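Novice: Please find one structure pasted underneath; my questions will follow.
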Amino acid sequence: MANERKTEHIVRSHFEKFNDIINIEEQTSDNSKIDKLLKSASKKASGKGRPEFLISFSGNSDLLIVIECKANNTKHESSSKDKYAEFAVDGALLYSSYLSKDFDVLAIAVSGETKQQLKVSHFLQLKGERKPVSIFGDKLLSANDYLDGYLRSPEKFRQDYNTLLEFTKELNETLHSYKILESQRSLLISCILIALENKAFKASYPLFGSTNEKDTPEEKKKKVENASKELANNLVDTVSNELKNANIKGDRLDNLNIQFSFIKTDTSLSTKKEVLKNLIAEIDKNINSFIKTHEYFDVLGQLYVEFLRYANSDKGLGIVLTPPHITELFSDLAQVNKNSIAYDNCTGTGGFLISAMKKMIADAKGDQTKIKEIKKNHLFGIEYQSHIFALAVSNMYIHQDGKTNIINGNCFDENIMSEIKAIKPTVGFLNPPYKADKKTDTDELEFVLNNLECLVDGGIGVAIVPMQSALAQTGKVYELKKKLLENHTLEAVLSMPNELFFNSNVGVVSCIMIFTAYKSHPANKETYFGYYKDDGFVKRKIQGRIDAFGKWEDIKAKWVSYYLHLNRKQEAGFSINKVVKANDEWCAEVYMETDYSILSNEIFIETLLLYSSYLFLNKISLIVENKSVSNDTVQLKIGEWKYFKLTDLFKITGSKTTPLLELEEYGQGKYPYVTTQATNNGVRGCYDYYSEEGDVLTVDSAVLGYCSYQALPFSASDHVEKLIPKFKMNKYIALFLTTIINLEQYRYNYGIKCSQTRMKKAIIKLPAKNNQIDFELMENYIKSLPYSSSL
């Protein structure tokens, strides 16, 4: 007969080896908070929960381990995970659901009566999270491994990062109240973080202003009054000495000293009682601890973005920082390894270099000699703006054990270029300054050419640039595209999420370009184009754009694997390989096949519901019913559809623009006013005037290409194009076609508008019979759907 006590003995013996750092309790806890949470957590739905083991850490009060044991492996986990009393996993997760209200919980399920039979499952459920995630593996680990794995897990990183962002908001408000300029806030933080690397400063800063019993009242008063000024001077002097010890000398050191010098004279920091001391303590607790736990993350860059996001002045300070998940993506796409030498000619705060360092060090697999070499000789950057240079140096100093190879200068300077070329970089990264003035500012692709010129023959260059750089077919940018292909190979162009730079208050639509340096682009070379628009991030009021649901790692894996696949993997609606020249548009949206496999009855029904609702709300019809015209079942058989040019079906032309003020003079009536909005069938009110005949499709050419059916005569705003049918069209066929045409909306954004020119090149897939469009099937299909009786 199975004996659960044997399983418990194995678990108990395993964890007792770590009694110096953990506290093991069985079934109940002396911790009143834990005991209260378990009061209603019984596996039998009533009474108190009694897990086999509860393990807490003496050095970390946030993490709690709960363990449930079963003797028989067949009782390890049920398919439904709700057999709490019978199965180990089910029971462990039940306890976790209660305990995670106040703790980060590692739920461990163990089954088997011998070490050889032992089956182990681990789940991490952070405080306040609804769902646990699988973590670790199928073996019991040491207590230190559990603690370290928890602290460095992606789930814990997201939690800590969100906490950091919340602290940043509070810190920003505090610094604002002390009247410290937005542009100086990140410099202050970076100065403090460098100083905290100095053990003597870290130990002594709390003592500034301290008095002792022997001091006279006058001496005590003087010490308190002078404490802030002395601490400010000591802070800046400590940082200057630290940077000097890091072999930063001459003009570079003078520049950095100038950038940090405001701290010595700022009224709040240098005169107000304990303001600076309290700031240092808070930064040590909330920011420095984050850096030590989550190494090689561009913390200063993110603080800079956050400070400016609240100040709403990012553009004025001239920098748009790349989000950290994209800097990591760059290193993966370039296949950075321990032997790579990385170069960024537009360094910013150093995000690309820090991500590259992280990947290099991971590849070094603990080889300390190699890691030391990586930090000293494998990471180089140039930053033009002095205050950003100071942040980059600080960032690299913090992450490189006091070493930095950042140059303050112009990346186009021939002496600097010679210095960089001598280093022989193998990978180049950049997010160039985006043009504010198209006539006078340096073009983004000039920075790309500059970066590639500094790489070794065959080096990989990865740049993120505005989509407009990829689309240009004439003018200066076209000439730069031409020069790029004459000297280098365009390996890939990846369309990025439209709101990627949301946290920087910048609305530019961007793409990533990947080149192989010094290999002229072959005439028949296929370039990989990826539609990488969905990174899983969502917008939140305080945190901005974040990976709230933990989707990014899986999404990134697909993005990278498709590009690195031997033949560059293609997938409808996601990626395509295409031969292109300089005068072509370099983006996936132009060439990619639409994924028609996503079509379903529900998508067409949604079209009918929206259109019938529009008719009802605008008093064009009197009723909306969930009824069909026909009871027939019509199969779409999408696999048998054929491609047809849009111009085979329609004459594509513009409409007359009618100002709204003019319509208001005519007064309200029955004729729709069609605009570029994607709601209410594109209609913004009805008036007693029309300029266009009905029974046509209209398309918004301003941005998204929203298509709607206009049965009645109408007037139109600017950017409304007409699709006039070359066949006999009725409302059923029209709504079938609007559904199909609206599948193409993914191709358009503020960088790529749905112009007449693009529409005239468009092809769509439709039902066909004898290689001709099957209009009869379209009509019969729509008639078979709910709401077709209300059209």
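Going through the structure tokens in order, the chains are called A, B, and so on, while each chain numbers its residues from 1 and the ligands are numbered from 1 in the order shown.
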Any idea what's packed within 9 Å of Ile773 (chain A), counting only C-alpha atoms, ignoring anything in its chain fewer than 5 positions away? Could you give it as a list in words?
Specialist: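 Everything that qualifies: Trp641, Lys642, Phe644, Leu766, Pro767 and Ala768 of chain A.
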Novice: Tell me, as a PyMOL selection string, which residues lie within 8 Å of region 781-791 of chain A, counting only C-alpha atoms; anything in the same chain fewer than 5 positions away does not count.
Specialist: chain A and resi 601+604-605+608-609+611-612+615+621+623-636+731-733+735-736
Novice: Need to verify the contact set: region 123-135 of chain A, 9 Å, only C-alpha atoms, exclusion of same-chain residues closer than 3 positions in sequence. Can you return it as number ranges by chain?
Specialist: A: 62-63, 89, 92-93, 96-97, 99-109, 149-150, 153, 155-156, 159
Novice: Output N, CA and C atoms for every residue in that selection, as a PDB file, in the first residue's frame.
Specialist:
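Writing done, so here's again.pdb:
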```
ATOM      1  N   ASP A  62       9.393  37.895   1.170  1.00  0.00           N
ATOM      2  CA  ASP A  62       8.379  37.932   0.109  1.00  0.00           C
ATOM      3  C   ASP A  62       8.026  36.546  -0.416  1.00  0.00           C
ATOM      4  N   LEU A  63       9.015  35.640  -0.442  1.00  0.00           N
ATOM      5  CA  LEU A  63       8.826  34.317  -1.059  1.00  0.00           C
ATOM      6  C   LEU A  63       8.425  33.271  -0.029  1.00  0.00           C
ATOM      7  N   VAL A  89      -0.308  18.172  -7.510  1.00  0.00           N
ATOM      8  CA  VAL A  89      -0.298  19.471  -8.205  1.00  0.00           C
ATOM      9  C   VAL A  89      -1.556  20.261  -7.875  1.00  0.00           C
ATOM     10  N   ALA A  92      -1.333  21.635  -4.307  1.00  0.00           N
ATOM     11  CA  ALA A  92      -0.326  22.690  -4.184  1.00  0.00           C
ATOM     12  C   ALA A  92      -0.825  23.998  -4.791  1.00  0.00           C
ATOM     13  N   LEU A  93      -1.488  23.901  -5.959  1.00  0.00           N
ATOM     14  CA  LEU A  93      -1.998  25.110  -6.620  1.00  0.00           C
ATOM     15  C   LEU A  93      -3.173  25.713  -5.851  1.00  0.00           C
ATOM     16  N   SER A  96      -1.581  27.686  -3.162  1.00  0.00           N
ATOM     17  CA  SER A  96      -0.931  28.840  -3.770  1.00  0.00           C
ATOM     18  C   SER A  96      -1.938  29.951  -4.058  1.00  0.00           C
ATOM     19  N   SER A  97      -3.137  29.562  -4.498  1.00  0.00           N
ATOM     20  CA  SER A  97      -4.153  30.570  -4.837  1.00  0.00           C
ATOM     21  C   SER A  97      -4.560  31.395  -3.622  1.00  0.00           C
ATOM     22  N   LEU A  99      -2.438  31.671  -0.670  1.00  0.00           N
ATOM     23  CA  LEU A  99      -1.249  32.299  -0.099  1.00  0.00           C
ATOM     24  C   LEU A  99      -0.725  33.450  -0.954  1.00  0.00           C
ATOM     25  N   SER A 100      -1.000  33.416  -2.274  1.00  0.00           N
ATOM     26  CA  SER A 100      -0.496  34.463  -3.170  1.00  0.00           C
ATOM     27  C   SER A 100      -1.244  35.789  -3.001  1.00  0.00           C
ATOM     28  N   LYS A 101      -2.230  35.818  -2.130  1.00  0.00           N
ATOM     29  CA  LYS A 101      -2.879  37.095  -1.833  1.00  0.00           C
ATOM     30  C   LYS A 101      -1.921  38.032  -1.109  1.00  0.00           C
ATOM     31  N   ASP A 102      -0.940  37.448  -0.382  1.00  0.00           N
ATOM     32  CA  ASP A 102       0.017  38.262   0.376  1.00  0.00           C
ATOM     33  C   ASP A 102       1.476  37.885   0.154  1.00  0.00           C
ATOM     34  N   PHE A 103       1.744  36.800  -0.587  1.00  0.00           N
ATOM     35  CA  PHE A 103       3.116  36.342  -0.797  1.00  0.00           C
ATOM     36  C   PHE A 103       3.359  35.993  -2.268  1.00  0.00           C
ATOM     37  N   ASP A 104       4.627  35.998  -2.648  1.00  0.00           N
ATOM     38  CA  ASP A 104       5.036  35.348  -3.886  1.00  0.00           C
ATOM     39  C   ASP A 104       5.205  33.875  -3.522  1.00  0.00           C
ATOM     40  N   VAL A 105       4.493  33.002  -4.226  1.00  0.00           N
ATOM     41  CA  VAL A 105       4.438  31.594  -3.814  1.00  0.00           C
ATOM     42  C   VAL A 105       5.078  30.687  -4.853  1.00  0.00           C
ATOM     43  N   LEU A 106       5.970  29.826  -4.380  1.00  0.00           N
ATOM     44  CA  LEU A 106       6.489  28.733  -5.201  1.00  0.00           C
ATOM     45  C   LEU A 106       5.793  27.464  -4.733  1.00  0.00           C
ATOM     46  N   ALA A 107       4.870  26.960  -5.559  1.00  0.00           N
ATOM     47  CA  ALA A 107       4.116  25.748  -5.224  1.00  0.00           C
ATOM     48  C   ALA A 107       4.843  24.539  -5.807  1.00  0.00           C
ATOM     49  N   ILE A 108       5.168  23.566  -4.947  1.00  0.00           N
ATOM     50  CA  ILE A 108       5.889  22.376  -5.398  1.00  0.00           C
ATOM     51  C   ILE A 108       5.028  21.151  -5.130  1.00  0.00           C
ATOM     52  N   ALA A 109       4.824  20.355  -6.171  1.00  0.00           N
ATOM     53  CA  ALA A 109       4.086  19.093  -6.037  1.00  0.00           C
ATOM     54  C   ALA A 109       5.078  17.950  -6.180  1.00  0.00           C
ATOM     55  N   GLY A 149      16.566  31.562  -8.600  1.00  0.00           N
ATOM     56  CA  GLY A 149      15.708  31.383  -9.771  1.00  0.00           C
ATOM     57  C   GLY A 149      14.455  32.229  -9.703  1.00  0.00           C
ATOM     58  N   TYR A 150      13.903  32.345  -8.506  1.00  0.00           N
ATOM     59  CA  TYR A 150      12.723  33.198  -8.296  1.00  0.00           C
ATOM     60  C   TYR A 150      13.064  34.659  -8.541  1.00  0.00           C
ATOM     61  N   SER A 153      13.631  35.329 -12.301  1.00  0.00           N
ATOM     62  CA  SER A 153      12.628  34.830 -13.241  1.00  0.00           C
ATOM     63  C   SER A 153      12.003  35.985 -14.015  1.00  0.00           C
ATOM     64  N   GLU A 155       8.964  36.486 -14.558  1.00  0.00           N
ATOM     65  CA  GLU A 155       7.768  36.924 -13.822  1.00  0.00           C
ATOM     66  C   GLU A 155       8.147  37.907 -12.717  1.00  0.00           C
ATOM     67  N   LYS A 156       9.227  37.571 -11.979  1.00  0.00           N
ATOM     68  CA  LYS A 156       9.681  38.452 -10.907  1.00  0.00           C
ATOM     69  C   LYS A 156      10.239  39.749 -11.476  1.00  0.00           C
ATOM     70  N   GLN A 159       7.375  41.998 -12.224  1.00  0.00           N
ATOM     71  CA  GLN A 159       6.841  42.544 -10.976  1.00  0.00           C
ATOM     72  C   GLN A 159       7.752  43.646 -10.438  1.00  0.00           C
TER      73      GLN A 159
END
```
Novice: Could you go through region 518-738 of chain A and tell me which residues DSSP, when run on the backbone, assigns to helix (DSSP H, G or I), listing them as a ChimeraX atom specification?
Specialist: /A:552-564,588-591,596-598,601-617,638-640,646-649,660-666,680-682,731-738
Novice: Using DSSP on the backbone, list every residue of region 442-643 of chain A that comes out as strand (DSSP E), and give them as a PyMOL selection string.
Specialist: chain A and resi 460-466+489-495+510-516+526-531+538-540+544-546+575-579+642-643
Novice: Find the residues near region 186-191 of chain A: any atom within 8 Å, counting only C-alpha atoms, skip ones fewer than 6 places away on the same chain, and give them as a PyMOL selection string.
Specialist: chain A and resi 235-236+239+259-260+263+283+300+303-304+307+387+390-391+394-395
Novice: Find the residues of region 546-648 of chain A that sit at most 10 Å from region 161-166 of chain A; for each, write down the nearest two atoms and how far apart they are in Å, to one decimal. Count only C-alpha atoms. Sort by chain, then by number going up, and give it as a tab-separated table.
Specialist:
```
residue	atom	partner	partner_atom	distance
A:Ile546	CA	A:Asn162	CA	8.6
A:Asp547	CA	A:Asn162	CA	10.0
A:Ala548	CA	A:Asn162	CA	9.3
```
Novice: Restricted to all heavy atoms, what would the selected residues look like written as a PDB file, in the first residue's frame?
Specialist:
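The file below, part02.pdb, is the result:
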```
ATOM      1  N   ILE A 546       3.793  48.089 -21.514  1.00  0.00           N
ATOM      2  CA  ILE A 546       4.509  47.028 -20.800  1.00  0.00           C
ATOM      3  C   ILE A 546       4.055  45.642 -21.255  1.00  0.00           C
ATOM      4  O   ILE A 546       2.992  45.476 -21.852  1.00  0.00           O
ATOM      5  CB  ILE A 546       4.307  47.141 -19.260  1.00  0.00           C
ATOM      6  CG1 ILE A 546       2.819  47.013 -18.900  1.00  0.00           C
ATOM      7  CG2 ILE A 546       4.897  48.437 -18.734  1.00  0.00           C
ATOM      8  CD1 ILE A 546       2.552  46.846 -17.423  1.00  0.00           C
ATOM      9  N   ASP A 547       4.853  44.644 -20.913  1.00  0.00           N
ATOM     10  CA  ASP A 547       4.541  43.241 -21.195  1.00  0.00           C
ATOM     11  C   ASP A 547       3.696  42.692 -20.039  1.00  0.00           C
ATOM     12  O   ASP A 547       4.149  41.845 -19.260  1.00  0.00           O
ATOM     13  CB  ASP A 547       5.841  42.448 -21.350  1.00  0.00           C
ATOM     14  CG  ASP A 547       5.622  40.987 -21.704  1.00  0.00           C
ATOM     15  OD1 ASP A 547       4.542  40.663 -22.233  1.00  0.00           O
ATOM     16  OD2 ASP A 547       6.526  40.172 -21.444  1.00  0.00           O
ATOM     17  N   ALA A 548       2.467  43.166 -19.939  1.00  0.00           N
ATOM     18  CA  ALA A 548       1.626  42.875 -18.775  1.00  0.00           C
ATOM     19  C   ALA A 548       1.280  41.400 -18.643  1.00  0.00           C
ATOM     20  O   ALA A 548       1.077  40.892 -17.534  1.00  0.00           O
ATOM     21  CB  ALA A 548       0.340  43.705 -18.843  1.00  0.00           C
TER      22      ALA A 548
END
```
Novice: Which residues are near Gly459 (chain A)? Cut-off 6 Å, only C-alpha atoms, ignore same chain within fewer than 2 positions. Put them as number ranges by chain.
Specialist: A: 426-427, 455-457, 516-517
Novice: Can you write just those residues out, N, CA and C atoms, as a PDB file, in the first residue's frame?
Specialist:
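Generated output (selection17.pdb):
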```
ATOM      1  N   THR A 426      32.386  43.626 -34.851  1.00  0.00           N
ATOM      2  CA  THR A 426      31.736  42.573 -35.651  1.00  0.00           C
ATOM      3  C   THR A 426      30.231  42.783 -35.760  1.00  0.00           C
ATOM      4  N   VAL A 427      29.651  43.542 -34.820  1.00  0.00           N
ATOM      5  CA  VAL A 427      28.221  43.853 -34.880  1.00  0.00           C
ATOM      6  C   VAL A 427      28.021  45.336 -34.599  1.00  0.00           C
ATOM      7  N   LEU A 455      32.340  48.604 -39.427  1.00  0.00           N
ATOM      8  CA  LEU A 455      32.349  47.178 -39.102  1.00  0.00           C
ATOM      9  C   LEU A 455      33.363  46.422 -39.947  1.00  0.00           C
ATOM     10  N   VAL A 456      33.698  45.219 -39.499  1.00  0.00           N
ATOM     11  CA  VAL A 456      34.573  44.350 -40.291  1.00  0.00           C
ATOM     12  C   VAL A 456      33.795  43.823 -41.494  1.00  0.00           C
ATOM     13  N   ASP A 457      34.502  43.366 -42.497  1.00  0.00           N
ATOM     14  CA  ASP A 457      33.892  42.755 -43.675  1.00  0.00           C
ATOM     15  C   ASP A 457      33.070  41.548 -43.217  1.00  0.00           C
ATOM     16  N   THR A 516      24.441  42.927 -43.893  1.00  0.00           N
ATOM     17  CA  THR A 516      25.777  42.346 -43.808  1.00  0.00           C
ATOM     18  C   THR A 516      26.730  43.352 -44.444  1.00  0.00           C
ATOM     19  N   ALA A 517      27.732  43.770 -43.684  1.00  0.00           N
ATOM     20  CA  ALA A 517      28.615  44.858 -44.105  1.00  0.00           C
ATOM     21  C   ALA A 517      29.599  44.412 -45.182  1.00  0.00           C
TER      22      ALA A 517
END
```
Novice: Using only C-alpha atoms, which residue out of A:Ala232, A:Val696, A:Ala364, A:Met357 lies closest to Gln400 (chain A)?
Specialist: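 Closest to Gln400 (chain A), using only C-alpha atoms: A:Met357.
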Novice: Skipping near chain neighbours, those fewer than 2 positions away, what residues fall within 6 Å of Pro466 (chain A) using only C-alpha atoms, listed as JSON, numbers by chain?
Specialist: {"A": [468, 469, 509, 510]}
Novice: For the residues in the current selection, export N, CA, C and O atoms as a short mmCIF file (atom, residue, chain, number, x, y, z; two decimals), in the first residue's frame.
Specialist:
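Result file is part_39.cif:
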```cif
data_model
loop_
_atom_site.label_atom_id
_atom_site.label_comp_id
_atom_site.auth_asym_id
_atom_site.auth_seq_id
_atom_site.Cartn_x
_atom_site.Cartn_y
_atom_site.Cartn_z
N GLN A 468 9.48 55.59 -43.07
CA GLN A 468 9.64 56.42 -44.26
C GLN A 468 10.99 56.19 -44.94
O GLN A 468 11.12 56.32 -46.15
N SER A 469 12.01 55.83 -44.16
CA SER A 469 13.32 55.54 -44.73
C SER A 469 13.27 54.32 -45.64
O SER A 469 14.01 54.22 -46.61
N VAL A 509 6.32 55.61 -36.78
CA VAL A 509 6.23 54.20 -37.14
C VAL A 509 7.60 53.77 -37.64
O VAL A 509 8.20 54.44 -38.48
N SER A 510 8.11 52.67 -37.12
CA SER A 510 9.51 52.31 -37.38
C SER A 510 9.66 50.90 -37.94
O SER A 510 8.72 50.10 -37.93
#
```
Novice: Please list as a PyMOL selection string every residue within 12 Å of Lys424 (chain A), counting only C-alpha atoms and excluding residues in the same chain fewer than 6 positions away.
Specialist: chain A and resi 339-343+377-380+417-418+451-459
Novice: Counting only C-alpha atoms, figure out which residue out of A:Ser121, A:Ser80, A:Ser40, A:Thr739 gets nearest to Glu68 (chain A).
Specialist: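 Counting only C-alpha atoms, the residue closest to Glu68 (chain A) is A:Ser121.
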Novice: Can you measure CA of His399 (chain A) to CA of Lys556 (chain A) for me? One decimal in Å is fine.
Specialist: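 So the two atoms, CA of His399 (chain A) and CA of Lys556 (chain A), lie 24.3 Å apart.
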Novice: Do you have the CA of Phe136 (chain A)-CA of His76 (chain A) distance handy?
Specialist: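 Rounded to one decimal, the two atoms are 16.9 Å apart.
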Novice: Could you check which of A:Asn410, A:Asn505, A:Asn498, A:Lys214 is closest to Asp534 (chain A), using only C-alpha atoms?
Specialist: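 Looking only at the distances to Asp534 (chain A), the closest residue turns out to be A:Asn498.
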Novice: Could you tell me which of A:Asn19, A:Ser268, A:Ser228, A:Gln756 comes closest to Ile180 (chain A) if we count only C-alpha atoms?
Specialist: A:Ser268
Novice: Have a look at CA of Ile555 (chain A) and CA of Asp535 (chain A) and let me know their distance in Å, one decimal.
Specialist: 6.3 Å
